[in-house]
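Source file: upload.cif. Holds: mmCIF, C-alpha atoms.
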```
data_upload
#
loop_
_atom_site.label_atom_id
_atom_site.label_comp_id
_atom_site.auth_asym_id
_atom_site.auth_seq_id
_atom_site.Cartn_x
_atom_site.Cartn_y
_atom_site.Cartn_z
CA MET A 1 -30.35 20.71 -25.66
CA PRO A 2 -27.71 17.98 -25.22
CA GLU A 3 -28.75 14.45 -24.39
CA ILE A 4 -28.64 13.41 -20.73
CA LEU A 5 -25.66 11.17 -20.02
CA MET A 6 -25.02 8.80 -17.13
CA PRO A 7 -23.21 11.04 -14.63
CA LYS A 8 -20.10 10.13 -12.67
CA LEU A 9 -21.54 10.35 -9.16
CA SER A 10 -18.46 9.16 -7.29
CA ASP A 11 -14.73 9.19 -7.83
CA THR A 12 -14.63 5.40 -8.37
CA MET A 13 -17.84 5.00 -10.39
CA THR A 14 -17.56 3.39 -13.85
CA GLU A 15 -21.19 2.36 -14.37
CA GLY A 16 -24.57 2.98 -12.79
CA THR A 17 -27.90 1.18 -12.53
CA LEU A 18 -31.06 3.09 -13.46
CA VAL A 19 -33.19 2.06 -10.47
CA SER A 20 -36.34 4.03 -11.31
CA TRP A 21 -37.60 6.94 -13.38
CA LYS A 22 -39.45 9.66 -11.48
CA LYS A 23 -40.71 11.22 -14.70
CA LYS A 24 -42.28 9.61 -17.76
CA ILE A 25 -42.04 10.51 -21.44
CA GLY A 26 -44.00 13.68 -22.13
CA ASP A 27 -43.64 15.10 -18.61
CA ARG A 28 -42.38 18.62 -18.14
CA VAL A 29 -39.11 18.69 -16.21
CA GLY A 30 -37.72 21.63 -14.28
CA SER A 31 -34.12 22.21 -13.32
CA GLY A 32 -33.58 20.77 -9.83
CA GLU A 33 -36.48 18.31 -10.04
CA VAL A 34 -35.74 14.65 -9.31
CA LEU A 35 -35.52 12.85 -12.65
CA ALA A 36 -34.42 9.36 -11.65
CA GLU A 37 -32.91 7.16 -8.95
CA ILE A 38 -29.43 5.88 -9.80
CA GLU A 39 -27.46 3.22 -7.97
CA THR A 40 -23.78 4.08 -7.94
CA ASP A 41 -20.89 2.10 -6.52
CA LYS A 42 -21.50 3.74 -3.13
CA ALA A 43 -25.22 4.38 -2.73
CA THR A 44 -28.59 4.72 -4.42
CA MET A 45 -29.32 8.40 -4.83
CA GLU A 46 -31.84 10.67 -6.47
CA TRP A 47 -30.56 12.49 -9.53
CA GLU A 48 -31.83 15.97 -10.34
CA ALA A 49 -32.33 17.42 -13.81
CA THR A 50 -30.07 20.31 -14.79
CA ASP A 51 -32.25 21.64 -17.63
CA ASP A 52 -35.85 22.73 -18.12
CA GLY A 53 -37.91 21.12 -20.86
CA ILE A 54 -39.94 18.09 -21.88
CA LEU A 55 -38.73 14.51 -21.32
CA LYS A 56 -38.88 13.28 -24.93
CA ASN A 57 -36.86 10.07 -24.89
CA ILE A 58 -35.84 7.45 -22.32
CA TYR A 59 -33.05 5.20 -23.59
CA VAL A 60 -32.49 3.04 -20.49
CA GLU A 61 -35.22 1.02 -18.85
CA GLU A 62 -35.47 0.64 -15.09
CA GLY A 63 -32.97 -1.92 -13.85
CA GLY A 64 -30.60 -1.31 -16.77
CA LYS A 65 -26.86 -0.86 -16.24
CA VAL A 66 -25.14 1.97 -18.09
CA ASN A 67 -21.50 3.01 -18.39
CA VAL A 68 -20.60 6.50 -17.21
CA GLY A 69 -20.99 8.89 -20.17
CA ASP A 70 -23.58 6.82 -22.06
CA ARG A 71 -26.86 8.52 -22.90
CA ILE A 72 -29.91 7.71 -20.80
CA ALA A 73 -32.52 10.33 -21.76
CA PHE A 74 -33.27 13.41 -23.81
CA ILE A 75 -34.91 16.57 -22.47
CA ALA A 76 -36.12 18.80 -25.29
CA GLY A 77 -36.69 22.53 -25.19
CA GLU A 78 -39.88 24.23 -26.38
CA GLY A 79 -40.66 23.06 -29.90
CA GLU A 80 -37.65 20.78 -30.01
CA GLU A 81 -38.06 17.14 -30.94
CA GLY A 82 -36.06 14.25 -29.58
CA PRO A 83 -33.77 12.24 -31.88
CA GLU A 84 -36.46 9.62 -32.59
CA ALA A 85 -34.74 8.44 -35.75
CA ASP A 86 -31.61 7.50 -33.85
CA LYS A 87 -33.64 5.60 -31.27
CA GLU A 88 -35.55 3.67 -33.92
CA ALA A 89 -32.34 2.83 -35.72
CA GLU A 90 -30.84 1.43 -32.52
CA ALA A 91 -33.94 -0.67 -31.84
CA GLU A 92 -33.88 -2.20 -35.34
CA PRO A 93 -32.02 -5.54 -35.33
CA SER A 94 -29.10 -5.74 -37.69
CA GLY A 95 -29.59 -7.82 -40.81
CA THR A 96 -33.39 -7.39 -40.84
CA LYS A 97 -33.70 -4.09 -42.69
CA GLU A 98 -36.68 -4.14 -45.00
CA ILE A 99 -36.79 -2.54 -48.46
CA GLU A 100 -38.10 0.99 -47.96
CA GLU A 101 -39.38 3.41 -50.52
CA GLY A 102 -36.46 5.21 -52.12
CA ASP A 103 -33.96 2.42 -51.45
CA GLU A 104 -31.82 1.42 -54.35
CA TYR A 105 -32.65 -2.10 -55.57
CA LEU A 106 -30.34 -3.75 -58.06
CA GLY A 107 -32.73 -6.56 -58.91
CA GLU A 108 -32.22 -10.24 -59.49
CA GLU A 109 -29.57 -11.45 -61.87
CA GLY A 110 -30.56 -10.45 -65.40
CA GLU A 111 -33.37 -8.17 -64.24
CA GLU A 112 -33.68 -4.79 -65.94
CA PRO A 113 -33.85 -1.53 -63.97
CA ALA A 114 -37.50 -1.04 -64.80
CA GLN A 115 -38.29 -4.53 -63.59
CA ALA A 116 -36.26 -3.83 -60.46
CA LYS A 117 -38.48 -0.88 -59.54
CA GLU A 118 -41.54 -3.06 -59.94
CA SER A 119 -39.89 -5.69 -57.76
CA VAL A 120 -39.44 -3.16 -54.94
CA ALA A 121 -43.17 -2.52 -54.83
CA ALA A 122 -43.94 -6.21 -55.16
CA LYS A 123 -41.50 -7.40 -52.49
CA ARG A 124 -42.54 -4.89 -49.81
CA PRO A 125 -46.16 -6.00 -49.29
CA ALA A 126 -45.16 -9.64 -49.67
CA LYS A 127 -42.57 -9.28 -46.89
CA GLN A 128 -45.07 -7.49 -44.66
CA LYS A 129 -47.58 -10.33 -45.12
CA GLU A 130 -44.94 -12.92 -44.27
CA THR A 131 -43.97 -11.01 -41.12
CA LYS A 132 -47.60 -10.70 -40.05
CA LYS A 133 -48.27 -14.41 -40.61
CA ALA A 134 -45.18 -15.36 -38.61
CA ALA A 135 -46.25 -13.11 -35.76
CA GLU A 136 -49.80 -14.47 -35.56
CA PRO A 137 -48.80 -18.11 -34.81
CA LYS A 138 -46.24 -16.82 -32.29
CA GLU A 139 -48.92 -14.83 -30.47
CA GLU A 140 -51.23 -17.85 -30.41
CA SER A 141 -48.54 -20.21 -29.10
CA GLU A 142 -46.98 -17.92 -26.46
CA PRO A 143 -48.74 -16.43 -23.44
CA ALA A 144 -48.86 -12.65 -23.22
CA ARG A 145 -45.58 -11.35 -21.78
CA ILE A 146 -45.83 -9.13 -18.72
CA LYS A 147 -44.22 -5.74 -19.27
CA ALA A 148 -42.11 -5.12 -16.18
CA SER A 149 -38.66 -3.74 -15.44
CA PRO A 150 -35.97 -6.16 -14.17
CA LEU A 151 -35.93 -4.39 -10.81
CA ALA A 152 -39.72 -4.67 -10.49
CA ARG A 153 -39.50 -8.42 -11.25
CA LYS A 154 -36.77 -8.87 -8.64
CA ILE A 155 -38.75 -7.06 -5.93
CA ALA A 156 -41.95 -8.90 -6.86
CA THR A 157 -40.16 -12.24 -6.49
CA GLU A 158 -38.69 -11.25 -3.11
CA LYS A 159 -42.05 -10.03 -1.76
CA GLY A 160 -44.30 -12.65 -3.37
CA ILE A 161 -46.24 -10.18 -5.53
CA ASP A 162 -48.12 -11.50 -8.61
CA LEU A 163 -47.18 -9.19 -11.49
CA THR A 164 -50.25 -10.19 -13.50
CA SER A 165 -52.42 -8.47 -10.89
CA LEU A 166 -50.65 -5.12 -11.23
CA LYS A 167 -51.24 -2.15 -13.52
CA GLY A 168 -48.03 -0.49 -14.62
CA SER A 169 -47.41 3.24 -14.28
CA GLY A 170 -44.18 3.28 -16.29
CA PRO A 171 -43.67 4.13 -19.98
CA GLY A 172 -46.15 2.20 -22.12
CA GLY A 173 -47.88 0.69 -19.09
CA ARG A 174 -44.70 -1.00 -17.91
CA ILE A 175 -44.70 -2.25 -14.29
CA VAL A 176 -41.93 -0.47 -12.35
CA GLU A 177 -40.55 -0.50 -8.83
CA ARG A 178 -43.12 1.90 -7.34
CA ASP A 179 -46.01 -0.28 -8.58
CA VAL A 180 -44.63 -3.38 -6.83
CA GLU A 181 -43.82 -1.45 -3.62
CA ALA A 182 -47.34 0.01 -3.55
CA ALA A 183 -48.82 -3.47 -3.95
CA ALA A 184 -46.58 -4.79 -1.18
CA ASP A 185 -47.67 -1.97 1.16
CA ALA A 186 -51.32 -2.66 0.37
CA THR A 187 -50.83 -6.36 1.08
CA ALA A 188 -49.14 -5.62 4.42
CA GLY A 189 -51.96 -3.37 5.59
CA PRO A 190 -51.73 -0.45 8.05
CA GLY A 191 -49.31 -0.98 10.91
CA LYS A 192 -48.28 -4.45 9.74
CA LYS A 193 -44.88 -5.66 8.67
CA LEU A 194 -44.31 -7.37 5.37
CA ALA A 195 -43.97 -11.13 5.43
CA PRO A 196 -40.37 -12.28 5.29
CA ALA A 197 -38.93 -13.38 1.97
CA PRO A 198 -39.45 -17.07 1.17
CA GLN A 199 -36.89 -19.27 2.93
CA ILE A 200 -34.42 -21.33 0.92
CA GLY A 201 -35.46 -24.95 1.03
CA ALA A 202 -33.26 -27.81 2.18
CA GLY A 203 -30.78 -28.78 -0.51
CA GLU A 204 -31.38 -25.56 -2.48
CA THR A 205 -28.92 -22.77 -3.21
CA VAL A 206 -29.58 -19.26 -4.42
CA ARG A 207 -27.14 -17.02 -6.27
CA ILE A 208 -27.69 -13.33 -5.43
CA SER A 209 -26.09 -10.85 -7.81
CA LEU A 210 -24.01 -8.14 -6.15
CA THR A 211 -25.34 -4.61 -6.27
CA GLY A 212 -22.97 -1.84 -7.36
CA MET A 213 -22.57 -0.77 -3.74
CA ARG A 214 -21.84 -4.28 -2.51
CA LYS A 215 -19.24 -4.79 -5.26
CA VAL A 216 -17.37 -1.68 -4.16
CA ILE A 217 -17.56 -2.68 -0.50
CA ALA A 218 -15.97 -6.00 -1.42
CA GLU A 219 -13.31 -4.36 -3.59
CA ARG A 220 -12.40 -1.63 -1.10
CA LEU A 221 -12.25 -3.90 1.93
CA SER A 222 -10.14 -6.41 0.01
CA ALA A 223 -7.85 -3.55 -0.96
CA SER A 224 -7.75 -2.50 2.70
CA LEU A 225 -7.23 -5.62 4.77
CA GLY A 226 -4.72 -7.12 2.34
CA PRO A 227 -2.23 -4.34 1.53
CA ILE A 228 -2.75 -2.25 4.69
CA PRO A 229 -0.86 -3.59 7.74
CA HIS A 230 -3.60 -3.36 10.38
CA PHE A 231 -2.99 -3.48 14.10
CA TYR A 232 -5.55 -3.04 16.85
CA LEU A 233 -5.70 -1.19 20.18
CA ASN A 234 -8.53 -1.58 22.69
CA ILE A 235 -9.74 0.26 25.77
CA GLU A 236 -12.62 0.00 28.21
CA ILE A 237 -13.98 3.28 29.55
CA ASN A 238 -16.11 4.20 32.50
CA ALA A 239 -19.39 5.23 30.86
CA GLU A 240 -21.07 6.24 34.13
CA PRO A 241 -20.40 10.00 33.65
CA LEU A 242 -21.66 9.79 30.07
CA MET A 243 -24.92 8.13 31.15
CA ARG A 244 -25.33 10.66 33.97
CA VAL A 245 -24.97 13.68 31.65
CA ARG A 246 -27.38 12.09 29.18
CA ALA A 247 -29.91 11.54 31.99
CA GLU A 248 -29.58 15.18 33.06
CA LEU A 249 -30.25 16.36 29.52
CA LYS A 250 -33.29 14.08 29.37
CA SER A 251 -34.65 15.50 32.64
CA MET A 252 -34.36 18.99 31.13
CA GLY A 253 -36.74 17.99 28.30
CA GLU A 254 -34.02 17.09 25.82
CA ASP A 255 -36.02 14.04 24.63
CA ASP A 256 -38.81 16.35 23.48
CA ASP A 257 -36.42 17.90 21.00
CA ALA A 258 -36.30 16.29 17.54
CA ASN A 259 -32.60 17.16 17.48
CA LYS A 260 -31.82 15.70 20.89
CA ILE A 261 -28.22 14.99 21.85
CA THR A 262 -27.56 11.24 21.92
CA VAL A 263 -24.79 9.16 23.48
CA ASN A 264 -23.45 8.60 19.96
CA ASP A 265 -23.16 12.37 19.48
CA PHE A 266 -20.90 12.56 22.56
CA ILE A 267 -18.77 9.74 21.14
CA LEU A 268 -18.42 11.47 17.76
CA LYS A 269 -17.53 14.80 19.38
CA ALA A 270 -14.96 13.06 21.61
CA ALA A 271 -13.44 11.32 18.57
CA VAL A 272 -12.95 14.69 16.90
CA GLU A 273 -11.54 16.42 19.99
CA ALA A 274 -9.11 13.53 20.58
CA ALA A 275 -7.87 13.91 16.99
CA VAL A 276 -7.27 17.61 17.67
CA ARG A 277 -5.09 16.51 20.62
CA GLU A 278 -3.33 13.80 18.58
CA PRO A 279 -3.38 15.09 14.95
CA LYS A 280 -1.08 12.36 13.61
CA VAL A 281 -4.05 9.96 13.39
CA ASN A 282 -5.76 12.39 10.97
CA ALA A 283 -3.58 11.33 8.06
CA SER A 284 -3.16 8.88 5.19
CA PHE A 285 -0.41 6.93 3.42
CA ASP A 286 0.48 8.04 -0.11
CA LYS A 287 3.23 5.94 -1.74
CA ASP A 288 6.39 7.66 -0.48
CA ALA A 289 4.79 10.15 1.94
CA ILE A 290 2.36 10.56 4.82
CA VAL A 291 -0.37 13.12 4.11
CA GLN A 292 -1.40 15.09 7.20
CA TYR A 293 -4.79 16.86 7.09
CA GLY A 294 -5.57 20.21 8.68
CA ASP A 295 -9.32 19.56 8.74
CA ILE A 296 -10.96 16.62 10.46
CA ASN A 297 -13.54 15.33 7.97
CA LEU A 298 -15.49 12.87 10.09
CA GLY A 299 -16.92 9.78 8.39
CA VAL A 300 -19.93 8.22 10.13
CA ALA A 301 -20.85 4.66 9.12
CA VAL A 302 -24.58 4.33 8.31
CA ALA A 303 -26.15 0.93 7.64
CA LEU A 304 -28.62 0.72 4.75
CA GLU A 305 -30.46 -2.29 3.36
CA GLU A 306 -28.17 -2.22 0.33
CA GLY A 307 -24.96 -2.02 2.36
CA LEU A 308 -22.82 0.36 4.39
CA VAL A 309 -22.29 4.01 3.46
CA THR A 310 -20.08 6.59 5.16
CA PRO A 311 -21.33 10.19 4.87
CA VAL A 312 -18.73 12.81 5.81
CA VAL A 313 -19.08 15.82 8.13
CA ARG A 314 -16.53 18.33 6.84
CA GLN A 315 -14.43 20.45 9.22
CA ALA A 316 -15.92 18.63 12.20
CA GLN A 317 -13.35 20.28 14.50
CA THR A 318 -15.14 23.63 13.99
CA LYS A 319 -18.55 22.33 15.08
CA SER A 320 -20.09 22.36 18.55
CA LEU A 321 -21.66 19.21 19.98
CA ARG A 322 -25.14 20.30 18.89
CA GLU A 323 -23.95 21.39 15.43
CA LEU A 324 -22.18 18.07 14.95
CA SER A 325 -25.28 16.20 16.14
CA ALA A 326 -27.52 18.08 13.67
CA ALA A 327 -25.10 17.53 10.78
CA VAL A 328 -24.85 13.77 11.41
CA LYS A 329 -28.62 13.34 11.75
CA ASP A 330 -29.19 15.26 8.52
CA LEU A 331 -26.64 13.19 6.59
CA ALA A 332 -27.96 9.88 7.96
CA HIS A 333 -31.56 10.83 7.16
CA ARG A 334 -30.72 11.82 3.59
CA ALA A 335 -28.56 8.71 3.11
CA ARG A 336 -31.50 6.51 4.07
CA ASN A 337 -33.83 8.47 1.80
CA LYS A 338 -31.39 8.56 -1.15
CA ARG A 339 -30.95 12.34 -1.06
CA MET A 340 -27.18 12.43 -0.64
CA LYS A 341 -24.90 14.38 -2.94
CA PRO A 342 -21.90 12.49 -4.37
CA GLU A 343 -19.35 14.77 -2.71
CA GLU A 344 -20.88 14.07 0.72
CA PHE A 345 -19.46 10.53 0.61
CA GLN A 346 -15.94 11.65 -0.27
CA GLY A 347 -12.92 13.10 1.50
CA GLY A 348 -13.23 11.52 4.95
CA THR A 349 -10.08 11.54 7.10
CA LEU A 350 -11.33 9.70 10.23
CA THR A 351 -14.24 7.26 10.56
CA VAL A 352 -16.35 6.07 13.50
CA SER A 353 -18.36 2.84 13.31
CA ASN A 354 -20.79 2.25 16.19
CA LEU A 355 -22.47 -1.16 16.53
CA GLY A 356 -23.42 -0.67 20.17
CA SER A 357 -27.09 -0.14 19.27
CA TYR A 358 -27.05 -3.60 17.66
CA GLY A 359 -25.98 -5.18 20.96
CA ILE A 360 -22.35 -5.72 19.93
CA ASP A 361 -20.04 -5.42 22.93
CA TYR A 362 -16.81 -5.23 20.97
CA PHE A 363 -15.50 -5.56 17.41
CA SER A 364 -12.56 -4.56 15.20
CA ALA A 365 -13.43 -2.48 12.14
CA VAL A 366 -11.61 -2.56 8.79
CA ILE A 367 -9.88 0.70 7.81
CA ASN A 368 -11.58 2.71 5.08
CA PRO A 369 -8.69 3.62 2.70
CA PRO A 370 -6.94 5.97 2.33
CA GLN A 371 -7.64 6.83 5.99
CA ALA A 372 -5.17 5.65 8.65
CA VAL A 373 -7.55 4.78 11.52
CA ILE A 374 -11.14 3.79 12.27
CA LEU A 375 -12.87 3.68 15.65
CA SER A 376 -15.12 0.75 16.53
CA VAL A 377 -17.60 1.49 19.33
CA GLY A 378 -19.41 -1.22 21.29
CA ALA A 379 -22.45 -1.18 23.54
CA ILE A 380 -22.61 0.45 26.96
CA VAL A 381 -23.01 -2.48 29.34
CA ARG A 382 -24.35 -2.48 32.91
CA GLN A 383 -22.00 -4.65 35.00
CA PRO A 384 -20.35 -4.93 38.44
CA VAL A 385 -17.21 -2.81 38.73
CA VAL A 386 -14.60 -2.13 41.40
CA ASN A 387 -14.56 1.51 42.53
CA GLU A 388 -11.67 3.54 43.97
CA SER A 389 -12.46 2.19 47.45
CA SER A 390 -12.10 -1.39 46.16
CA ALA A 391 -15.82 -1.96 46.62
CA ILE A 392 -17.87 -3.82 44.02
CA ILE A 393 -20.70 -1.62 42.77
CA PRO A 394 -22.96 -1.57 39.70
CA GLY A 395 -21.56 0.54 36.88
CA TYR A 396 -21.50 1.19 33.15
CA ARG A 397 -18.63 0.19 30.86
CA MET A 398 -18.02 0.60 27.14
CA LYS A 399 -15.34 -1.01 24.98
CA ILE A 400 -13.76 0.91 22.11
CA GLY A 401 -11.31 -0.35 19.51
CA LEU A 402 -8.95 1.53 17.21
CA SER A 403 -7.79 -0.09 13.95
CA CYS A 404 -4.55 1.53 12.74
CA ASP A 405 -2.53 1.57 9.52
CA HIS A 406 0.96 0.80 10.85
CA ARG A 407 2.56 2.64 7.92
CA VAL A 408 1.14 5.89 9.32
CA VAL A 409 0.24 5.35 12.96
CA ASP A 410 2.59 3.69 15.45
CA GLY A 411 1.41 2.11 18.70
CA ALA A 412 2.35 5.15 20.77
CA ILE A 413 0.39 7.51 18.50
CA GLY A 414 -2.68 5.27 18.66
CA ALA A 415 -2.34 4.94 22.44
CA ASN A 416 -2.13 8.73 22.88
CA TYR A 417 -5.24 9.15 20.77
CA LEU A 418 -7.21 6.64 22.84
CA LYS A 419 -5.95 8.27 26.05
CA ALA A 420 -7.39 11.60 24.88
CA LEU A 421 -10.62 9.89 23.79
CA ARG A 422 -11.01 8.28 27.23
CA TYR A 423 -10.43 11.65 28.93
CA PHE A 424 -13.24 13.35 27.01
CA LEU A 425 -15.73 10.49 27.33
CA GLU A 426 -15.15 10.20 31.08
CA ASN A 427 -15.48 14.00 31.39
CA PRO A 428 -18.37 14.58 28.95
CA THR A 429 -19.27 18.04 30.30
CA LEU A 430 -16.13 19.30 28.51
CA LEU A 431 -17.80 18.35 25.23
CA LEU A 432 -20.72 20.68 25.98
CA LEU A 433 -18.47 23.76 25.98
#
```
In structure tokens, write the structure found in this file.
Amino acid sequence: MPEILMPKLSDTMTEGTLVSWKKKIGDRVGSGEVLAEIETDKATMEWEATDDGILKNIYVEEGGKVNVGDRIAFIAGEGEEGPEADKEAEAEPSGTKEIEEGDEYLGEEGEEPAQAKESVAAKRPAKQKETKKAAEPKEESEPARIKASPLARKIATEKGIDLTSLKGSGPGGRIVERDVEAAADATAGPGKKLAPAPQIGAGETVRISLTGMRKVIAERLSASLGPIPHFYLNIEINAEPLMRVRAELKSMGEDDDANKITVNDFILKAAVEAAVREPKVNASFDKDAIVQYGDINLGVAVALEEGLVTPVVRQAQTKSLRELSAAVKDLAHRARNKRMKPEEFQGGTLTVSNLGSYGIDYFSAVINPPQAVILSVGAIVRQPVVNESSAIIPGYRMKIGLSCDHRVVDGAIGANYLKALRYFLENPTLLLL
């Protein structure tokens, strides 16, 4: 069988980080089983094996970074052995090759061939004794080194876990991520939250290396806000009808359903229907042309601990409110549990970012290239409003922003889109049809 190479799990990925191995050397692996967790430039995801066999070799330790196409493991078929010789050769430092039996030895100056052969035998044990003697003082002078992956060390430092108290479950007894997480859970106890990470002291600074995902977020947003001429449109909608329909669904037992329809689902459905009414927002800029898309592939921003990811619901215009709700919940759940497929992050044509649940009243989002627009949704706020009879009454309001790429979307196009969006959100029963 071929060696397992670091896969290209996204269109912009050049390297990946081996977060954790789910199998150890000697384990039987079946096609479709989770082999490892890999951090790409967009997310950390579980990677499934494509072959059946025995995991013979692991070339990359947990926490190691690997270029796309480099080998990371070897899965052998029945009776097949892994390329151990190659692995040993790589591990051997250059310039330290010892004289092995069968090596040609030319001897010292003036030494005869027969003497040279005797020298080979004489030099080998002498060299081994020297190596052993050098190692013994080193072992006496240095404390035993803890075998732990870089990622395990990082997590242990963040959570205050003493690595010397842990027993490793990784290859060769190495402490890996799952060992540290298990210890952290045990320390927290049932129903308790972990203690916060140690605070940075006065006068101290800490340098935190960027993860692959955070690097790409920085690169893509820099490539967006700089070259793309953003402009922003804002509306405030009457959210009273939306809250009323949601309350009616709740009274009908909707909250007992694991797949209940949420306010956010109505917003996503309205965003899609408004794009059907104003299709010019469902486009992108491509050098000397504007690319118009027939399908609305809806990107939904999902916040993870590592950063922001945007799973995509394909052909969202063909889905009912409940179908769209189920698709978004499934994608968000799998994104948080690292079960996303690479293609499920790609190909979005319109994105919605909702920070209302975080208590944000209003914000302006940065366009996710090559898309032309992104919706930013704020919280629904209870406040006094003036009704049609000019009376001040309590009501619900929600602010929504639209960030536009002026190369593709003019002000009138953006305004028409928001007009359609307002219509659907203030008449939410239409979204149930």
Quiz prompt | Surrounding residues of Ser353 in chain A excluding itself and chain neighbours under 5 positions, 8 Å, all atoms listed in the file, as a list in words | solution =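 That gives Val300, Ala301, Ala365, Ile374, Leu375, Ser376 and Val377 of chain A.
CA of Ser20 in chain A lies 8.4 Å from CA of Leu151 in chain A.
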(message) Give me, as a PyMOL selection string, all polymer residues having an atom no more than 9 Å from Asn282 in chain A, counting all atoms listed in the file and skipping those fewer than 2 positions away in the same chain.
(response) chain A and resi 275-276+278-280+284+291-297+349-350+371-373
The residue from A:Arg407, A:Lys329, A:Lys319, A:Lys22 with the smallest atom-to-atom distance to Phe285 in chain A, counting only C-alpha atoms, is A:Arg407
Task: Output check: residues returned by the PyMOL selection byres ((chain A and resi 168) around 12), as a PyMOL selection string - done: chain A and resi 146-149+152+163-167+169-183
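Between CA of Ala289 in chain A and CA of Pro370 in chain A the separation is 12.5 Å.
Of note, CA of Arg277 in chain A and CA of Phe424 in chain A are spaced 10.8 Å apart.
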- Explicit residues for the PyMOL selection byres ((chain A and resi 45-48) around 10) (as a VMD selection string): chain A and resid 7 9 19 to 22 29 to 40 42 to 44 49 to 51 334 to 342
Open item on the list: When the PyMOL selection byres ((chain A and resi 70) around 6) is applied to the structure above, which residues does it catch, written out as number ranges by chain?
Closed with: A: 5-6, 67-69, 71
Using only C-alpha atoms, the shortest atom-to-atom distance to Glu240 in chain A among A:Tyr396, A:Phe266, A:Tyr358, A:Tyr417 belongs to A:Tyr396
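Restricting the calculation to only C-alpha atoms, the smallest distance between Pro229 in chain A and any of A:Ala271, A:Ala379, A:Val409, A:Ile200 is found for A:Val409.
Compared by their closest atoms to Gly299 in chain A, and using all atoms listed in the file, the residues A:Glu344, A:Glu323, A:Glu3, A:Asp286 rank with A:Glu344 nearest.
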Need the shell around Lys269 in chain A: protein/DNA/RNA residues with any atom at most 12 Å away, counting only C-alpha atoms. Skip same-chain ones fewer than 3 positions apart. Format as a PyMOL selection string?
chain A and resi 261-266+272-276+296+298+300+313+316-328+352+420-421+424-425+428-433
Based on the selection just made, write C-alpha atoms of those residues as a tab-separated table (two decimals), in the coordinates of the input.
```
chain	number	residue	atom	x	y	z
A	261	ILE	CA	-28.22	14.99	21.85
A	262	THR	CA	-27.56	11.24	21.92
A	263	VAL	CA	-24.79	9.16	23.48
A	264	ASN	CA	-23.45	8.60	19.96
A	265	ASP	CA	-23.16	12.37	19.48
A	266	PHE	CA	-20.90	12.56	22.56
A	272	VAL	CA	-12.95	14.69	16.90
A	273	GLU	CA	-11.54	16.42	19.99
A	274	ALA	CA	-9.11	13.53	20.58
A	275	ALA	CA	-7.87	13.91	16.99
A	276	VAL	CA	-7.27	17.61	17.67
A	296	ILE	CA	-10.96	16.62	10.46
A	298	LEU	CA	-15.49	12.87	10.09
A	300	VAL	CA	-19.93	8.22	10.13
A	313	VAL	CA	-19.08	15.82	8.13
A	316	ALA	CA	-15.92	18.63	12.20
A	317	GLN	CA	-13.35	20.28	14.50
A	318	THR	CA	-15.14	23.63	13.99
A	319	LYS	CA	-18.55	22.33	15.08
A	320	SER	CA	-20.09	22.36	18.55
A	321	LEU	CA	-21.66	19.21	19.98
A	322	ARG	CA	-25.14	20.30	18.89
A	323	GLU	CA	-23.95	21.39	15.43
A	324	LEU	CA	-22.18	18.07	14.95
A	325	SER	CA	-25.28	16.20	16.14
A	326	ALA	CA	-27.52	18.08	13.67
A	327	ALA	CA	-25.10	17.53	10.78
A	328	VAL	CA	-24.85	13.77	11.41
A	352	VAL	CA	-16.35	6.07	13.50
A	420	ALA	CA	-7.39	11.60	24.88
A	421	LEU	CA	-10.62	9.89	23.79
A	424	PHE	CA	-13.24	13.35	27.01
A	425	LEU	CA	-15.73	10.49	27.33
A	428	PRO	CA	-18.37	14.58	28.95
A	429	THR	CA	-19.27	18.04	30.30
A	430	LEU	CA	-16.13	19.30	28.51
A	431	LEU	CA	-17.80	18.35	25.23
A	432	LEU	CA	-20.72	20.68	25.98
A	433	LEU	CA	-18.47	23.76	25.98
```
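Using all atoms listed in the file for every distance, the candidate list A:Arg382, A:Lys56, A:His230, A:His333 yields A:His230 as the residue closest to Cys404 in chain A.
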Might you pull out every residue within 10 Å of Asn427 in chain A, with all atoms listed in the file counted and same-chain residues fewer than 4 positions away left off, and present them as a ChimeraX atom specification? /A:238-242,245,270,421-423,431
Which residue gives the smallest distance to Arg397 in chain A among A:Val312, A:Leu304, A:Ile237, A:Arg244, with all atoms listed in the file counted?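 Using all atoms listed in the file, the shortest distance to Arg397 in chain A belongs to A:Ile237.
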